[in-house]
$ cat final_30.pdb   # PDB, C-alpha atoms and all ligand atoms
ATOM      1  CA  GLY A   1      87.697 159.846  53.414
ATOM      2  CA  VAL A   2      88.620 163.492  53.684
ATOM      3  CA  THR A   3      86.688 166.186  51.857
ATOM      4  CA  ALA A   4      87.938 169.376  50.263
ATOM      5  CA  LYS A   5      87.563 172.551  52.312
ATOM      6  CA  ILE A   6      88.438 175.746  50.525
ATOM      7  CA  ALA A   7      89.107 178.517  53.018
ATOM      8  CA  PRO A   8      89.708 182.043  51.711
ATOM      9  CA  SER A   9      91.973 183.922  54.134
ATOM     10  CA  MET A  10      90.098 187.026  55.247
ATOM     11  CA  LEU A  11      93.474 188.637  55.957
ATOM     12  CA  SER A  12      93.436 189.594  52.279
ATOM     13  CA  SER A  13      89.914 191.047  52.446
ATOM     14  CA  ASP A  14      88.839 194.624  53.012
ATOM     15  CA  PHE A  15      88.614 194.604  56.820
ATOM     16  CA  ALA A  16      86.348 197.655  56.702
ATOM     17  CA  ASN A  17      83.749 195.560  54.867
ATOM     18  CA  LEU A  18      84.316 192.223  56.548
ATOM     19  CA  ALA A  19      80.706 191.024  56.582
ATOM     20  CA  SER A  20      80.135 191.677  52.889
ATOM     21  CA  GLU A  21      83.557 190.255  51.988
ATOM     22  CA  ALA A  22      82.657 187.094  53.913
ATOM     23  CA  GLU A  23      79.322 186.824  52.144
ATOM     24  CA  ARG A  24      80.994 187.384  48.784
ATOM     25  CA  MET A  25      83.420 184.503  49.424
ATOM     26  CA  LEU A  26      80.619 182.168  50.491
ATOM     27  CA  ASN A  27      78.692 183.063  47.348
ATOM     28  CA  CYS A  28      81.842 182.248  45.378
ATOM     29  CA  GLY A  29      81.810 178.722  46.841
ATOM     30  CA  ALA A  30      84.024 178.976  49.920
ATOM     31  CA  ASP A  31      83.522 176.200  52.503
ATOM     32  CA  TRP A  32      85.261 177.916  55.396
ATOM     33  CA  LEU A  33      86.493 181.409  56.170
ATOM     34  CA  HIS A  34      90.084 181.447  57.415
ATOM     35  CA  MET A  35      90.638 184.034  60.151
ATOM     36  CA  ASP A  36      94.221 184.959  61.066
ATOM     37  CA  ILE A  37      94.592 186.026  64.672
ATOM     38  CA  MET A  38      98.030 187.516  65.401
ATOM     39  CA  ASP A  39      99.564 189.024  68.481
ATOM     40  CA  GLY A  40     101.896 191.699  67.134
ATOM     41  CA  PHE A  41     105.597 192.371  67.262
ATOM     42  CA  THR A  42     107.670 195.513  67.876
ATOM     43  CA  THR A  43     111.227 196.435  66.888
ATOM     44  CA  TYR A  44     112.232 195.631  70.439
ATOM     45  CA  ASP A  45     110.611 192.244  70.167
ATOM     46  CA  TRP A  46     112.447 191.644  66.935
ATOM     47  CA  PHE A  47     115.749 192.368  68.675
ATOM     48  CA  VAL A  48     114.865 190.126  71.556
ATOM     49  CA  HIS A  49     113.646 187.432  69.230
ATOM     50  CA  ASN A  50     116.801 187.329  67.172
ATOM     51  CA  PHE A  51     119.590 187.956  69.636
ATOM     52  CA  VAL A  52     118.442 187.123  73.110
ATOM     53  CA  GLN A  53     116.125 184.259  72.234
ATOM     54  CA  LEU A  54     118.985 181.788  72.329
ATOM     55  CA  LEU A  55     119.489 182.410  76.010
ATOM     56  CA  TYR A  56     116.222 183.636  77.388
ATOM     57  CA  SER A  57     113.426 182.742  74.985
ATOM     58  CA  PHE A  58     111.340 181.098  77.642
ATOM     59  CA  VAL A  59     111.048 184.397  79.506
ATOM     60  CA  LEU A  60     111.243 187.130  76.933
ATOM     61  CA  ILE A  61     109.328 186.144  73.820
ATOM     62  CA  ARG A  62     105.923 187.695  74.137
ATOM     63  CA  HIS A  63     104.711 187.816  70.546
ATOM     64  CA  PHE A  64     104.518 185.120  67.932
ATOM     65  CA  VAL A  65     104.490 187.028  64.628
ATOM     66  CA  PRO A  66     105.519 190.505  63.403
ATOM     67  CA  ASN A  67     101.985 191.623  62.635
ATOM     68  CA  LEU A  68      98.787 192.469  64.470
ATOM     69  CA  THR A  69      95.466 191.590  62.856
ATOM     70  CA  ILE A  70      92.164 190.786  64.519
ATOM     71  CA  GLY A  71      90.934 189.251  67.731
ATOM     72  CA  ALA A  72      87.834 187.853  69.376
ATOM     73  CA  PRO A  73      85.799 191.117  69.141
ATOM     74  CA  VAL A  74      85.997 191.006  65.342
ATOM     75  CA  ILE A  75      85.067 187.311  65.259
ATOM     76  CA  GLU A  76      82.089 188.160  67.464
ATOM     77  CA  SER A  77      80.985 190.931  65.095
ATOM     78  CA  LEU A  78      81.351 188.741  62.029
ATOM     79  CA  ARG A  79      79.439 185.908  63.710
ATOM     80  CA  LYS A  80      76.413 188.208  63.964
ATOM     81  CA  HIS A  81      76.387 188.497  60.172
ATOM     82  CA  SER A  82      77.326 184.996  59.102
ATOM     83  CA  GLN A  83      76.720 181.346  59.917
ATOM     84  CA  ALA A  84      79.948 180.357  58.143
ATOM     85  CA  TYR A  85      82.530 177.983  59.587
ATOM     86  CA  LEU A  86      85.170 180.337  60.991
ATOM     87  CA  ASP A  87      88.523 178.560  60.753
ATOM     88  CA  CYS A  88      90.600 180.507  63.269
ATOM     89  CA  HIS A  89      94.398 180.323  63.080
ATOM     90  CA  LEU A  90      95.990 181.636  66.256
ATOM     91  CA  MET A  91      99.470 182.989  65.685
ATOM     92  CA  VAL A  92      99.936 183.948  69.320
ATOM     93  CA  THR A  93     102.346 182.936  72.068
ATOM     94  CA  ASN A  94      99.637 182.247  74.663
ATOM     95  CA  PRO A  95      96.776 180.395  72.918
ATOM     96  CA  LEU A  96      95.268 179.259  76.211
ATOM     97  CA  ASP A  97      94.302 182.866  76.996
ATOM     98  CA  TYR A  98      92.319 183.043  73.752
ATOM     99  CA  VAL A  99      90.219 179.873  73.999
ATOM    100  CA  GLU A 100      87.437 181.232  76.148
ATOM    101  CA  PRO A 101      87.028 184.576  74.314
ATOM    102  CA  MET A 102      87.212 182.903  70.903
ATOM    103  CA  GLY A 103      84.649 180.291  71.924
ATOM    104  CA  LYS A 104      82.300 182.964  73.197
ATOM    105  CA  ALA A 105      82.826 185.030  70.052
ATOM    106  CA  GLY A 106      81.646 182.129  67.877
ATOM    107  CA  ALA A 107      84.836 180.650  66.413
ATOM    108  CA  SER A 108      84.320 177.218  64.787
ATOM    109  CA  GLY A 109      87.876 175.920  64.566
ATOM    110  CA  PHE A 110      90.715 176.855  66.921
ATOM    111  CA  THR A 111      94.162 176.090  65.545
ATOM    112  CA  PHE A 112      97.109 176.850  67.824
ATOM    113  CA  HIS A 113     100.837 176.562  67.096
ATOM    114  CA  VAL A 114     102.815 173.583  68.379
ATOM    115  CA  GLU A 115     105.867 175.826  68.937
ATOM    116  CA  VAL A 116     104.161 177.615  71.828
ATOM    117  CA  SER A 117     102.190 174.776  73.388
ATOM    118  CA  LYS A 118     104.875 172.256  74.255
ATOM    119  CA  GLU A 119     103.722 171.989  77.874
ATOM    120  CA  ASN A 120      99.988 172.536  77.839
ATOM    121  CA  TRP A 121      98.621 171.057  74.621
ATOM    122  CA  GLN A 122      96.546 168.409  76.366
ATOM    123  CA  GLU A 123      94.788 171.017  78.458
ATOM    124  CA  LEU A 124      94.422 173.264  75.398
ATOM    125  CA  ILE A 125      92.755 170.585  73.258
ATOM    126  CA  GLN A 126      90.392 169.653  76.050
ATOM    127  CA  ILE A 127      89.293 173.255  76.684
ATOM    128  CA  ILE A 128      88.917 173.995  72.960
ATOM    129  CA  LYS A 129      86.567 171.004  72.647
ATOM    130  CA  SER A 130      84.651 171.937  75.776
ATOM    131  CA  LYS A 131      83.965 175.351  74.214
ATOM    132  CA  GLY A 132      82.503 173.631  71.160
ATOM    133  CA  MET A 133      85.373 174.321  68.765
ATOM    134  CA  LYS A 134      87.358 171.968  66.542
ATOM    135  CA  PRO A 135      90.963 171.740  67.774
ATOM    136  CA  GLY A 136      93.806 172.014  65.290
ATOM    137  CA  VAL A 137      97.572 172.334  65.523
ATOM    138  CA  ALA A 138      99.776 174.392  63.200
ATOM    139  CA  LEU A 139     103.489 174.226  62.581
ATOM    140  CA  LYS A 140     105.915 176.787  61.205
ATOM    141  CA  PRO A 141     108.154 175.903  58.234
ATOM    142  CA  GLY A 142     111.148 175.259  60.488
ATOM    143  CA  THR A 143     109.333 172.858  62.795
ATOM    144  CA  PRO A 144     109.735 169.109  62.135
ATOM    145  CA  ILE A 145     106.522 167.198  61.451
ATOM    146  CA  GLU A 146     107.258 164.669  64.202
ATOM    147  CA  GLU A 147     106.383 167.338  66.758
ATOM    148  CA  VAL A 148     102.669 167.039  66.006
ATOM    149  CA  TYR A 149     102.430 163.234  66.147
ATOM    150  CA  PRO A 150     101.734 163.079  69.899
ATOM    151  CA  LEU A 151      98.869 165.551  69.461
ATOM    152  CA  ILE A 152      97.279 163.415  66.726
ATOM    153  CA  GLU A 153      97.737 160.184  68.646
ATOM    154  CA  ALA A 154      96.564 161.515  72.003
ATOM    155  CA  GLU A 155      93.489 160.178  73.725
ATOM    156  CA  ASN A 156      91.987 163.622  73.173
ATOM    157  CA  PRO A 157      93.477 164.437  69.752
ATOM    158  CA  VAL A 158      93.630 167.450  67.473
ATOM    159  CA  GLU A 159      91.324 167.055  64.490
ATOM    160  CA  MET A 160      93.361 169.031  61.979
ATOM    161  CA  VAL A 161      97.016 169.769  61.256
ATOM    162  CA  LEU A 162      97.894 173.057  59.555
ATOM    163  CA  VAL A 163     101.188 172.877  57.683
ATOM    164  CA  MET A 164     102.470 176.432  57.149
ATOM    165  CA  THR A 165     103.859 176.882  53.654
ATOM    166  CA  VAL A 166     105.205 180.392  54.400
ATOM    167  CA  GLU A 167     106.579 182.005  57.558
ATOM    168  CA  PRO A 168     103.486 183.107  59.492
ATOM    169  CA  GLY A 169     102.746 186.818  59.671
ATOM    170  CA  PHE A 170     101.647 188.121  56.298
ATOM    171  CA  GLY A 171      99.616 187.264  53.237
ATOM    172  CA  GLY A 172     101.068 187.359  49.741
ATOM    173  CA  GLN A 173     104.291 185.404  50.366
ATOM    174  CA  LYS A 174     105.851 182.732  48.191
ATOM    175  CA  PHE A 175     104.789 179.087  48.634
ATOM    176  CA  MET A 176     107.528 176.792  50.013
ATOM    177  CA  PRO A 177     107.311 173.535  47.992
ATOM    178  CA  GLU A 178     109.748 171.785  50.329
ATOM    179  CA  MET A 179     106.951 171.707  52.941
ATOM    180  CA  MET A 180     105.139 169.100  50.823
ATOM    181  CA  ASP A 181     107.320 166.378  52.344
ATOM    182  CA  LYS A 182     105.569 167.080  55.649
ATOM    183  CA  VAL A 183     102.142 166.832  54.013
ATOM    184  CA  ARG A 184     103.019 163.570  52.254
ATOM    185  CA  THR A 185     104.370 162.043  55.453
ATOM    186  CA  LEU A 186     101.273 163.053  57.401
ATOM    187  CA  ARG A 187      98.856 161.797  54.751
ATOM    188  CA  LYS A 188     100.588 158.424  54.587
ATOM    189  CA  LYS A 189     100.483 158.035  58.349
ATOM    190  CA  TYR A 190      96.960 159.430  58.900
ATOM    191  CA  PRO A 191      94.688 158.747  55.879
ATOM    192  CA  ALA A 192      91.577 160.318  57.490
ATOM    193  CA  LEU A 193      93.182 163.417  59.009
ATOM    194  CA  ASP A 194      92.232 166.934  57.912
ATOM    195  CA  ILE A 195      95.471 168.432  56.601
ATOM    196  CA  GLU A 196      95.441 172.165  55.914
ATOM    197  CA  VAL A 197      98.037 174.139  53.981
ATOM    198  CA  ASP A 198      98.398 177.891  54.431
ATOM    199  CA  GLY A 199     100.538 180.368  52.544
ATOM    200  CA  GLY A 200     101.092 181.025  48.858
ATOM    201  CA  LEU A 201      98.351 178.669  47.642
ATOM    202  CA  GLY A 202      96.761 179.438  44.290
ATOM    203  CA  PRO A 203      96.319 178.021  40.792
ATOM    204  CA  SER A 204     100.086 177.641  40.274
ATOM    205  CA  THR A 205     100.803 175.790  43.544
ATOM    206  CA  ILE A 206      97.624 173.819  44.284
ATOM    207  CA  GLU A 207      98.717 170.726  42.341
ATOM    208  CA  MET A 208     101.755 170.279  44.579
ATOM    209  CA  ALA A 209      99.657 170.590  47.727
ATOM    210  CA  ALA A 210      96.761 168.442  46.501
ATOM    211  CA  SER A 211      98.942 165.632  45.209
ATOM    212  CA  ALA A 212     100.881 165.605  48.490
ATOM    213  CA  GLY A 213      97.578 165.001  50.283
ATOM    214  CA  ALA A 214      96.342 168.350  51.611
ATOM    215  CA  ASN A 215      92.536 168.663  51.691
ATOM    216  CA  CYS A 216      91.961 171.995  53.480
ATOM    217  CA  ILE A 217      93.259 174.844  51.379
ATOM    218  CA  VAL A 218      93.760 178.366  52.696
ATOM    219  CA  ALA A 219      94.124 180.989  49.982
ATOM    220  CA  GLY A 220      94.290 184.724  50.546
ATOM    221  CA  SER A 221      95.880 186.845  47.850
ATOM    222  CA  SER A 222      95.185 184.373  45.024
ATOM    223  CA  VAL A 223      91.436 184.469  45.725
ATOM    224  CA  PHE A 224      90.972 188.095  46.720
ATOM    225  CA  GLY A 225      93.296 189.280  43.971
ATOM    226  CA  ALA A 226      91.401 187.397  41.266
ATOM    227  CA  ALA A 227      88.958 189.046  38.897
ATOM    228  CA  GLU A 228      86.715 186.017  39.391
ATOM    229  CA  PRO A 229      87.296 184.470  42.824
ATOM    230  CA  ALA A 230      84.662 181.796  42.166
ATOM    231  CA  LYS A 231      86.805 180.393  39.350
ATOM    232  CA  VAL A 232      89.874 180.196  41.587
ATOM    233  CA  ILE A 233      87.888 178.536  44.363
ATOM    234  CA  SER A 234      86.475 175.897  42.034
ATOM    235  CA  LEU A 235      89.896 175.288  40.516
ATOM    236  CA  LEU A 236      91.328 174.716  44.005
ATOM    237  CA  ARG A 237      88.456 172.372  44.865
ATOM    238  CA  ASN A 238      88.807 170.365  41.664
ATOM    239  CA  SER A 239      92.521 169.831  42.268
ATOM    240  CA  VAL A 240      91.865 168.473  45.757
ATOM    241  CA  GLN A 241      89.013 166.217  44.625
ATOM    242  CA  GLN A 242      90.905 164.574  41.770
TER     243      GLN A 242
HETATM  244  C1  LIG B   1      99.971 183.969  57.071
HETATM  245  C2  LIG B   1      98.547 183.565  57.261
HETATM  246  C3  LIG B   1      97.868 183.149  56.022
HETATM  247  C4  LIG B   1      97.796 184.185  54.930
HETATM  248  C5  LIG B   1      97.782 183.477  53.607
HETATM  249  O1  LIG B   1     100.566 184.158  58.304
HETATM  250  O2  LIG B   1      98.492 182.480  58.169
HETATM  251  O3  LIG B   1      96.579 182.638  56.311
HETATM  252  O4  LIG B   1      96.677 185.017  55.028
HETATM  253  O5  LIG B   1      97.787 184.416  52.578
HETATM  254  P1  LIG B   1      98.259 184.044  51.102
HETATM  255  O6  LIG B   1      97.321 183.033  50.586
HETATM  256  O7  LIG B   1      98.187 185.354  50.385
HETATM  257  O8  LIG B   1      99.669 183.532  51.192
HETATM  258 ZN    ZN B   2      96.555 181.491  58.457
END
$ encode --input "final_30.pdb" --output "structure tokens"
Amino acid sequence: GVTAKIAPSMLSSDFANLASEAERMLNCGADWLHMDIMDGFTTYDWFVHNFVQLLYSFVLIRHFVPNLTIGAPVIESLRKHSQAYLDCHLMVTNPLDYVEPMGKAGASGFTFHVEVSKENWQELIQIIKSKGMKPGVALKPGTPIEEVYPLIEAENPVEMVLVMTVEPGFGGQKFMPEMMDKVRTLRKKYPALDIEVDGGLGPSTIEMAASAGANCIVAGSSVFGAAEPAKVISLLRNSVQQ
């Protein structure tokens, strides 16, 4: 069966003290560290995204989310201080360009978005595995769950599905309970699959996610904002294990 993986999102940590923040989370009982890699967005991109996308998206969209966080150099630095499983979530339009640098940097999991890999996912999965990383696929709230089925059923399959429960880009947003239908459907169809949820998870939303069948839980603001993160982490774990 599937086991609980609690993955604090380092996006909510103090980036200036990343190594000690990582160590603190591991001491609090974290299984994985969730690393959000984003490719940035400008006002111009926003305009393009919203108004021109309909006609020219295949040419003009260059960024995936309206935020810029960390990249392979930071993963490489953190890897020198920690043996932790680094669960890397790539919110970028060109994941293929990141596989090699992320592998070299010491990433453990490489989760790309299905929205930007319609053509090359087979190649992506194969290269991710060849670099020694665990391949995963993520989907935005507006993307139907059916879109990831071929990637799970492929000869060379993804090993995790990340169901976004907020629009990707920022920590601290509100959990979207309507995404639990996707989790339930996936769990029914694939009893042994690692299913990760990301966005707005904490003590008040974990029951919905756990009972729907999620076993990998990303939590940023609820863990880092807590007076006692260890208590939140064990609460999240207990909900999944019930
Ligand atoms: C959002 C990121 C999340 C985020 C979650 O784009 O993918 O990992 O850090 O943060 P919380 O738990 O605060 O919603
Ligand atoms: Zn994430």
$ resolve_selection --input "final_30.pdb" --expression "the PyMOL selection byres (((chain A and resi 170) around 9) and not hetatm)" --output "ChimeraX atom specification"
/A:11,65-67,166-169,171-173,199
$ residues_near_ligand --input "final_30.pdb" --ligand "ligand LIG 1 (chain B)" --cutoff "9 Å" --atoms "only C-alpha atoms and all ligand atoms" --output "count of residues only"
41
$ resolve_selection --input "final_30.pdb" --expression "the PyMOL selection byres (((chain A and resi 116) around 9) and not hetatm)" --output "PDB file with C-alpha atoms, in the coordinates of the input"
ATOM      1  CA  PHE A  64     104.518 185.120  67.932  1.00  0.00           C
ATOM      2  CA  VAL A  92      99.936 183.948  69.320  1.00  0.00           C
ATOM      3  CA  THR A  93     102.346 182.936  72.068  1.00  0.00           C
ATOM      4  CA  ASN A  94      99.637 182.247  74.663  1.00  0.00           C
ATOM      5  CA  PRO A  95      96.776 180.395  72.918  1.00  0.00           C
ATOM      6  CA  PHE A 112      97.109 176.850  67.824  1.00  0.00           C
ATOM      7  CA  HIS A 113     100.837 176.562  67.096  1.00  0.00           C
ATOM      8  CA  VAL A 114     102.815 173.583  68.379  1.00  0.00           C
ATOM      9  CA  GLU A 115     105.867 175.826  68.937  1.00  0.00           C
ATOM     10  CA  SER A 117     102.190 174.776  73.388  1.00  0.00           C
ATOM     11  CA  LYS A 118     104.875 172.256  74.255  1.00  0.00           C
ATOM     12  CA  GLU A 119     103.722 171.989  77.874  1.00  0.00           C
ATOM     13  CA  ASN A 120      99.988 172.536  77.839  1.00  0.00           C
TER      14      ASN A 120
END
$ residues_around --input "final_30.pdb" --residues "range 122-134 of chain A" --least-positions-apart "4" --cutoff "10 Å" --atoms "only C-alpha atoms" --output "NGL selection string"
:A and (86-88 or 95-104 or 106-112 or 117-118 or 150-151 or 154-160)
$ resolve_selection --input "final_30.pdb" --expression "the PyMOL selection byres (((chain A and resi 211) around 10) and not hetatm)" --output "ChimeraX atom specification"
/A:180,183-184,206-210,212-215,239-242
$ write_last_selection --input "final_30.pdb" --atoms "C-alpha atoms" --output "compact mmCIF listing (two decimals), in the frame of the given file"
# COMPACT_ATOMS: atom_id res chain seq x y z
CA MET A 180 105.14 169.10 50.82
CA VAL A 183 102.14 166.83 54.01
CA ARG A 184 103.02 163.57 52.25
CA ILE A 206 97.62 173.82 44.28
CA GLU A 207 98.72 170.73 42.34
CA MET A 208 101.76 170.28 44.58
CA ALA A 209 99.66 170.59 47.73
CA ALA A 210 96.76 168.44 46.50
CA ALA A 212 100.88 165.60 48.49
CA GLY A 213 97.58 165.00 50.28
CA ALA A 214 96.34 168.35 51.61
CA ASN A 215 92.54 168.66 51.69
CA SER A 239 92.52 169.83 42.27
CA VAL A 240 91.86 168.47 45.76
CA GLN A 241 89.01 166.22 44.62
CA GLN A 242 90.90 164.57 41.77
$ atom_distance --input "final_30.pdb" --atom1 "CA of Gly142 in chain A" --atom2 "CA of Thr185 in chain A"
15.7 Å
